[in-house]
Every structure is written in C-alpha cells, then in structure tokens.
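To keep things clear, I will list the structure first and then write my remarks on it.
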Amino acid sequence: RDLVLYTVILLACTVAVLLRARAESVDRRAWLLLGLGTLVWTASDALYTVQAQRGDASFPSVADWGYLMFFPFAYLAVGLLVVRHVARSAIGVWLDGILVALAAGSFLWLMVPELSSAMGTDGFSVFMQFATPASDLLLLSGLIGVVGLLGRQAAPMWWALVGAASFLWATDSIWLLGISQDAYHVGIPLDIGWIVAFLLFATAAWLPAPVRAVVPDRTWAPMAAIAGGASFLLLLF
C-alpha cells in the first residue's frame, strides 16, 4: 500500500477528531482522548508499514505495542461519553462493563494456549496477536451495550462508533487469521478495513448526540446477564 496516502488518510481522521475536541466544550476530553489514541495508532501503523516494506519487521515490535495503546484512550473516551450522555447510576454501567470484560477475557484466556499449539509459537507472541482483536471485541461489546441501553434514543454518534468498532474488530480478526496462515502482507484489500474504521470514528465525532438520555436500569440487565453467563461457561468448560 502507499505509505504516504494511507498515513495521510489516517492523519486526516486524527485531525478531524482533534478539531472536534477543540470546537466542543462539553465532550472535549472524550474527543481529545480518542484523537490522541488515533494519533498513536497512525504513528504505529506508519512504523509497521516502513518495517514491512524494508523486510525487517519483527513481532512483537514497538508498532504492535502502539496498536494496543489505542484502546485505553478509546475506552476512556467512550466512558466519558457514557457518563455525559447516558443518565444512569454509575455503578450499574461499570458492573455491566465488568461482566462484558470478563466474558472477553475468559475467551482470550482459553484461546491463547490453543493458538500457541496450532501455530507452533510461544504463548506471549500468540497473546500479542490475539490481544488486538480481543480489545476490539471488548470495545464493540461496550458500545453495543450502550446502544442496547439507549434503544430508540441511541443517537447517530453511537451508531457510528458501533460501526467503527465493528470494522476494527472484523479487520483485525481477519488479519489474525491471515497471520496464522502466512496469508497476510501489507497492501492487500483488507487494509481498507482500518481506513473505514477510523473514518467512522472521525464521523462519529461530528455527529449530534442528545445531552442526556434517561433510561431505566433494567434495560441493559439481560445483555449483562448473558455476558456474565457466557464468561462462567467458558471458564467452566
């Protein structure tokens, strides 16, 4: 792929989010965090592309750690948006998030030994490969939970964020499959998926959202119960 064009597009997404942070006083911290996370991802991707084109890319590398650094920024950004735009007791929101995280963590914990055996590599390398799709899944699960919580009150901003996380998770999952089969290399059509994901993140920053949507506590309970039950069954079997 064209390093300059690809990086320019990602930088444009970063600038769009950061400009929203500058223009928006209410959600400034949330968009600033997401913009900084996108900047870290962009820098990491540029580094990885240069290494891959030179043929000296190692794994895990600084770029791989940089990819993972995007997620703390994204989680904090989404958390701030939830606090601002969803009128519900904070303890309920965090308990739901813990249950979803437990389900994703249980799945990752069980899959790492299996992938390590199948790919013939050490567990840490497999963990690093699997960490990005798992982090995507956690982000997507949280956003789907927010949309489920809001129901018809879900603003376009939330749907754009769900779309972004969906593309990110799907692309990283296909990337993981390609890596395990030695079928991925820089420049294949799959790379468009990351561009679409960050274009949606940038779009979400500029879409409207109500100041605060009031929802009952029981709305998210079934989904949280499903996540908690799934994590328990994964650990059990």
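Ordering of the structure tokens sets the chain letters (A, B, ...); residue numbers start at 1 within each chain; ligands are numbered from 1 in the order shown.
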
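Non-sequential neighbours of Arg20 (chain A) (distance at most 12 Å, separation of 5 or more positions within a chain, only C-alpha atoms) are Cys13, Thr14, Val15, Ser25, Val26, Asp27, Arg28, Arg29, Ala30, Trp31, Leu32, Leu33, Leu34, Gly35, Phe201, Ala202, Thr203, Ala204, Ala205, Trp206, Leu207 and Pro208 of chain A.
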
Inset, instruction - Find the spatial neighbours of region 160-171 of chain A, counting only C-alpha atoms, within a cut-off of 8 Å - ignore same-chain residues fewer than 2 positions away - and output them as number ranges by chain. - result: A: 133, 136-137, 139-140, 143-144, 156-158, 173-175, 190-191, 193-194, 196-201, 203-204

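Minimum distance to Leu47 (chain A) across A:Thr7, A:Met69, A:Leu76, A:Ala12 (counting only C-alpha atoms) occurs at A:Thr7.
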
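As for CA of Arg152 (chain A) and CA of Pro210 (chain A), they are spaced 12.2 Å apart.
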
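The spacing separating CA of Ser61 (chain A) from CA of Ile195 (chain A) amounts to 21.6 Å.
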
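Proximity ranking of A:Leu150, A:Ile179, A:Ala77, A:Leu68 relative to Val17 (chain A) places A:Ala77 first, based on only C-alpha atoms.
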
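Counting only C-alpha atoms and comparing A:Val147, A:Val83, A:Met128, A:Ala16, the residue that lies closest to Ala63 (chain A) is A:Met128.
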
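Residue nearest Val62 (chain A) within the list A:Leu80, A:Ala131, A:Ala43, A:Leu177: A:Ala43 [criterion: smallest interatomic distance, only C-alpha atoms].
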
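Shortest atom-to-atom contact with Phe71 (chain A) among A:Val146, A:Leu10, A:Ala155, A:Val40: A:Val40, counting only C-alpha atoms.
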